[in-house]
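Participant: Enclosed is the structure file entry21.cif (mmCIF, C-alpha atoms and all ligand atoms).
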data_protein
#
loop_
_atom_site.group_PDB
_atom_site.id
_atom_site.type_symbol
_atom_site.label_atom_id
_atom_site.label_comp_id
_atom_site.auth_asym_id
_atom_site.auth_seq_id
_atom_site.Cartn_x
_atom_site.Cartn_y
_atom_site.Cartn_z
ATOM 1 C CA MET A 1 0.000 0.000 0.000
ATOM 2 C CA ARG A 2 1.172 3.496 -0.835
ATOM 3 C CA ARG A 3 2.049 5.775 2.070
ATOM 4 C CA GLU A 4 -0.279 8.787 2.163
ATOM 5 C CA GLY A 5 1.422 11.732 0.489
ATOM 6 C CA ALA A 6 3.949 9.490 -1.291
ATOM 7 C CA LEU A 7 4.188 9.766 -5.070
ATOM 8 C CA ALA A 8 2.426 7.248 -7.291
ATOM 9 C CA PRO A 9 4.730 5.501 -9.816
ATOM 10 C CA ASP A 10 3.824 7.874 -12.647
ATOM 11 C CA GLY A 11 4.364 10.831 -10.301
ATOM 12 C CA LEU A 12 7.799 9.506 -9.416
ATOM 13 C CA ALA A 13 8.647 9.099 -13.102
ATOM 14 C CA GLY A 14 7.531 12.702 -13.647
ATOM 15 C CA LEU A 15 9.684 13.889 -10.758
ATOM 16 C CA ARG A 16 12.735 12.239 -12.337
ATOM 17 C CA VAL A 17 12.078 14.031 -15.634
ATOM 18 C CA PHE A 18 11.501 17.294 -13.735
ATOM 19 C CA LEU A 19 14.826 16.976 -11.886
ATOM 20 C CA ARG A 20 16.802 15.771 -14.920
ATOM 21 C CA ALA A 21 15.562 18.755 -16.947
ATOM 22 C CA GLY A 22 16.537 21.187 -14.159
ATOM 23 C CA CYS A 23 13.020 22.551 -13.583
ATOM 24 C CA GLN A 24 13.751 22.858 -9.842
ATOM 25 C CA GLU A 25 16.197 25.635 -10.594
ATOM 26 C CA CYS A 26 13.197 27.988 -10.742
ATOM 27 C CA HIS A 27 10.258 25.831 -9.547
ATOM 28 C CA ASN A 28 11.436 25.268 -5.988
ATOM 29 C CA GLY A 29 10.552 25.932 -2.343
ATOM 30 C CA VAL A 30 7.269 25.397 -0.523
ATOM 31 C CA GLY A 31 5.034 26.217 -3.485
ATOM 32 C CA VAL A 32 7.412 24.657 -6.036
ATOM 33 C CA GLY A 33 7.722 28.172 -7.427
ATOM 34 C CA GLY A 34 6.449 31.634 -6.644
ATOM 35 C CA GLY A 35 9.679 32.522 -4.863
ATOM 36 C CA SER A 36 11.587 34.322 -7.584
ATOM 37 C CA PHE A 37 11.408 36.305 -10.794
ATOM 38 C CA GLN A 38 13.073 34.737 -13.836
ATOM 39 C CA ARG A 39 13.699 35.737 -17.452
ATOM 40 C CA MET A 40 11.815 33.709 -20.049
ATOM 41 C CA SER A 41 13.557 32.477 -23.224
ATOM 42 C CA ARG A 42 16.785 31.239 -21.682
ATOM 43 C CA HIS A 43 16.936 28.204 -23.953
ATOM 44 C CA GLY A 44 15.732 29.930 -27.083
ATOM 45 C CA ASP A 45 13.644 32.922 -28.027
ATOM 46 C CA TYR A 46 10.221 31.717 -26.912
ATOM 47 C CA PHE A 47 8.534 35.000 -27.841
ATOM 48 C CA ALA A 48 9.951 35.049 -31.395
ATOM 49 C CA ALA A 49 8.985 31.399 -31.886
ATOM 50 C CA ARG A 50 5.432 32.092 -30.686
ATOM 51 C CA GLY A 51 5.048 35.325 -32.696
ATOM 52 C CA ASP A 52 2.180 37.766 -32.178
ATOM 53 C CA ALA A 53 4.129 40.035 -29.790
ATOM 54 C CA SER A 54 2.166 41.847 -27.111
ATOM 55 C CA PRO A 55 3.007 44.427 -24.404
ATOM 56 C CA ALA A 56 2.362 41.712 -21.778
ATOM 57 C CA ASP A 57 5.464 39.890 -23.085
ATOM 58 C CA LEU A 58 7.585 42.540 -21.346
ATOM 59 C CA GLY A 59 6.563 41.074 -17.983
ATOM 60 C CA ARG A 60 7.907 42.809 -14.900
ATOM 61 C CA TYR A 61 9.230 45.680 -17.044
ATOM 62 C CA ASN A 62 5.633 46.892 -17.302
ATOM 63 C CA ILE A 63 5.731 47.540 -13.556
ATOM 64 C CA THR A 64 9.320 48.629 -12.880
ATOM 65 C CA ARG A 65 10.310 50.186 -16.263
ATOM 66 C CA ARG A 66 13.820 48.853 -15.688
ATOM 67 C CA ASP A 67 15.520 47.368 -18.765
ATOM 68 C CA GLU A 68 16.819 44.370 -16.805
ATOM 69 C CA ASP A 69 13.188 43.404 -16.072
ATOM 70 C CA ARG A 70 12.214 42.898 -19.736
ATOM 71 C CA ARG A 71 10.693 39.419 -20.194
ATOM 72 C CA VAL A 72 11.080 38.683 -16.472
ATOM 73 C CA PHE A 73 8.110 36.947 -14.800
ATOM 74 C CA ARG A 74 7.318 35.576 -11.361
ATOM 75 C CA VAL A 75 7.728 31.791 -11.421
ATOM 76 C CA PHE A 76 4.364 30.023 -11.214
ATOM 77 C CA THR A 77 3.584 28.035 -8.060
ATOM 78 C CA ASP A 78 2.419 24.421 -8.256
ATOM 79 C CA VAL A 79 -1.182 25.591 -7.753
ATOM 80 C CA GLU A 80 -0.912 28.031 -10.676
ATOM 81 C CA VAL A 81 0.701 25.394 -12.883
ATOM 82 C CA ARG A 82 -2.170 23.022 -12.027
ATOM 83 C CA ALA A 83 -4.705 25.650 -13.116
ATOM 84 C CA VAL A 84 -2.900 26.186 -16.434
ATOM 85 C CA VAL A 85 -2.609 22.453 -17.081
ATOM 86 C CA CYS A 86 -6.326 21.974 -16.317
ATOM 87 C CA PHE A 87 -7.148 24.726 -18.787
ATOM 88 C CA LEU A 88 -4.922 23.223 -21.497
ATOM 89 C CA ARG A 89 -6.428 19.773 -20.909
ATOM 90 C CA SER A 90 -9.918 21.170 -21.272
ATOM 91 C CA LEU A 91 -8.967 22.444 -24.732
ATOM 92 C CA ASP A 92 -7.711 19.016 -25.684
ATOM 93 C CA GLU A 93 -10.141 16.663 -23.970
ATOM 94 C CA GLY A 94 -13.239 18.752 -23.383
ATOM 95 C CA ALA A 95 -14.530 20.184 -20.142
ATOM 96 C CA ALA A 96 -16.083 16.944 -18.811
ATOM 97 C CA SER A 97 -12.930 14.809 -18.784
ATOM 98 C CA SER A 98 -10.709 17.584 -17.448
ATOM 99 C CA ALA A 99 -13.128 18.371 -14.605
ATOM 100 C CA ALA A 100 -12.130 15.250 -12.662
ATOM 101 C CA ALA A 101 -8.408 15.995 -12.947
ATOM 102 C CA CYS A 102 -8.922 19.637 -12.004
ATOM 103 C CA ALA A 103 -11.060 18.694 -8.997
ATOM 104 C CA THR A 104 -8.117 16.891 -7.365
ATOM 105 C CA PRO A 105 -7.391 18.816 -4.177
ATOM 106 C CA SER A 106 -4.099 20.653 -3.918
ATOM 107 C CA PRO A 107 -1.554 19.213 -1.521
ATOM 108 C CA ALA A 108 -1.849 20.611 2.009
ATOM 109 C CA ARG A 109 0.706 23.203 3.009
HETATM 110 C C1 LIG A 201 14.591 29.878 -15.745
HETATM 111 C C2 LIG A 201 13.512 29.590 -14.810
HETATM 112 C C3 LIG A 201 12.570 28.438 -15.123
HETATM 113 C C4 LIG A 201 12.894 27.129 -15.363
HETATM 114 C C5 LIG A 201 14.294 26.475 -15.392
HETATM 115 C C6 LIG A 201 11.628 26.443 -15.589
HETATM 116 N N1 LIG A 201 10.594 27.317 -15.464
HETATM 117 FE FE1 LIG A 201 8.620 26.853 -15.632
HETATM 118 N N2 LIG A 201 8.137 28.821 -15.367
HETATM 119 C C7 LIG A 201 9.042 29.834 -15.135
HETATM 120 C C8 LIG A 201 8.313 31.089 -15.081
HETATM 121 C C9 LIG A 201 8.946 32.464 -14.861
HETATM 122 C C10 LIG A 201 6.959 30.790 -15.269
HETATM 123 C C11 LIG A 201 5.781 31.769 -15.322
HETATM 124 C C12 LIG A 201 5.604 32.243 -16.749
HETATM 125 C C13 LIG A 201 4.450 33.188 -16.911
HETATM 126 O O1 LIG A 201 4.184 34.025 -16.030
HETATM 127 O O2 LIG A 201 3.793 33.096 -17.967
HETATM 128 C C14 LIG A 201 6.881 29.347 -15.442
HETATM 129 C C15 LIG A 201 5.702 28.669 -15.696
HETATM 130 C C16 LIG A 201 5.613 27.310 -15.887
HETATM 131 C C17 LIG A 201 4.389 26.601 -16.176
HETATM 132 C C18 LIG A 201 3.014 27.232 -16.305
HETATM 133 C C19 LIG A 201 2.553 27.287 -17.708
HETATM 134 C C20 LIG A 201 3.307 28.272 -18.562
HETATM 135 O O3 LIG A 201 3.842 27.839 -19.587
HETATM 136 O O4 LIG A 201 3.319 29.481 -18.248
HETATM 137 C C21 LIG A 201 4.717 25.289 -16.295
HETATM 138 C C22 LIG A 201 3.771 24.108 -16.636
HETATM 139 C C23 LIG A 201 6.142 25.164 -16.093
HETATM 140 N N3 LIG A 201 6.664 26.426 -15.841
HETATM 141 C C24 LIG A 201 6.832 23.987 -16.134
HETATM 142 C C25 LIG A 201 8.209 23.899 -16.140
HETATM 143 C C26 LIG A 201 8.924 22.662 -16.360
HETATM 144 C C27 LIG A 201 8.263 21.295 -16.602
HETATM 145 C C28 LIG A 201 10.245 22.967 -16.309
HETATM 146 C C29 LIG A 201 11.423 22.048 -16.554
HETATM 147 C C30 LIG A 201 11.453 21.417 -17.879
HETATM 148 C C31 LIG A 201 10.352 24.413 -16.047
HETATM 149 N N4 LIG A 201 9.092 24.920 -15.955
HETATM 150 C C32 LIG A 201 11.536 25.088 -15.895
HETATM 151 C C33 LIG A 201 10.400 29.706 -14.970
HETATM 152 C C34 LIG A 201 11.116 28.541 -15.185
#
As a first step, turn the structure in this file into structure tokens.
Facilitator:
Amino acid sequence: MRREGALAPDGLAGLRVFLRAGCQECHNGVGVGGGSFQRMSRHGDYFAARGDASPADLGRYNITRRDEDRRVFRVFTDVEVRAVVCFLRSLDEGAASSAAACATPSPAR
């Protein structure tokens, strides 16, 4: 039997991928994120690849007006990532099938 709070096998496999890819460099701490501001597009120009530039792409610069804050964003927490993933799933699978996954309670803090 699985210990309560322990990762299921697929969760453990996901954790290995997460750690191997270095995601914890920014997604870390109590909320697995939310603790720092980071520049997007470190591994390639995400914004150019996506196209359709918008003022929101400037991120924290819109608040501070400092050049070093261009394309800098607060790292999402695990709860925020869950919300985004639920939304993306609903586009793919339809609202009914994503509802169950999105209803999973967040881990207690
Ligand atoms: C250099 C820092 C950094 C690293 C490394 C990083 N992230 Fe992020 N991540 C961010 C930031 C900043 C955001 C918030 C972006 C925003 O506000 O749109 C974010 C948001 C996300 C989101 C929310 C959806 C989205 O695209 O906005 C997911 C999912 C995510 N990261 C997964 C990962 C995974 C998986 C890895 C490892 C492969 C990873 N991140 C590595 C900084 C990072």
Participant: Report, in Å to a single decimal, how far apart atom CA of A:Phe73 and atom CA of A:Gly59 are.
Facilitator: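 A separation of 5.4 Å between them.
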Participant: Which of these, A:Thr64, A:Ser90, A:Ser54, A:Thr77, has the shortest distance to ligand LIG 201 (chain A) once you count all atoms listed in the file?
Facilitator: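 Nearest candidate to ligand LIG 201 (chain A) out of A:Thr64, A:Ser90, A:Ser54, A:Thr77: A:Thr77.
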Participant: I'd like to know which of A:Ile63, A:His43, A:Ala21, A:Gly34 is closest to ligand LIG 201 (chain A), using all atoms listed in the file.
Facilitator: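 With all atoms listed in the file as the atom set, the closest residue is A:Ala21.
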Participant: Please identify every polymer residue within 7 Å of ligand LIG 201 (chain A), using all atoms listed in the file, and present the set as a list in words.
Facilitator: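 Those within range of ligand LIG 201 (chain A) are Phe18, Ala21, Gly22, Cys23, Gln24, Glu25, Cys26, His27, Phe37, Gln38, Arg39, Met40, Arg42, Val72, Phe73, Arg74, Val75, Phe76, Glu80, Val81, Val84 and Val85 of chain A.
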Participant: Find, counting all atoms listed in the file, the residue in A:Arg82, A:Ala6, A:Tyr46, A:Leu88 that gets nearest to A:Val32.
Facilitator: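 Smallest separation from A:Val32 among the options: A:Arg82.
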Participant: One decimal, in Å: what's the spacing between atom CA of A:Leu15 and atom CA of A:Asp57?
Facilitator: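 Distance between the two atoms: 29.1 Å.
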Participant: One decimal, in Å: what's the spacing between atom CA of A:Ala48 and atom CA of A:Arg71?
Facilitator: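 Computing the Euclidean distance for atom CA of A:Ala48 and atom CA of A:Arg71 yields 12.0 Å.
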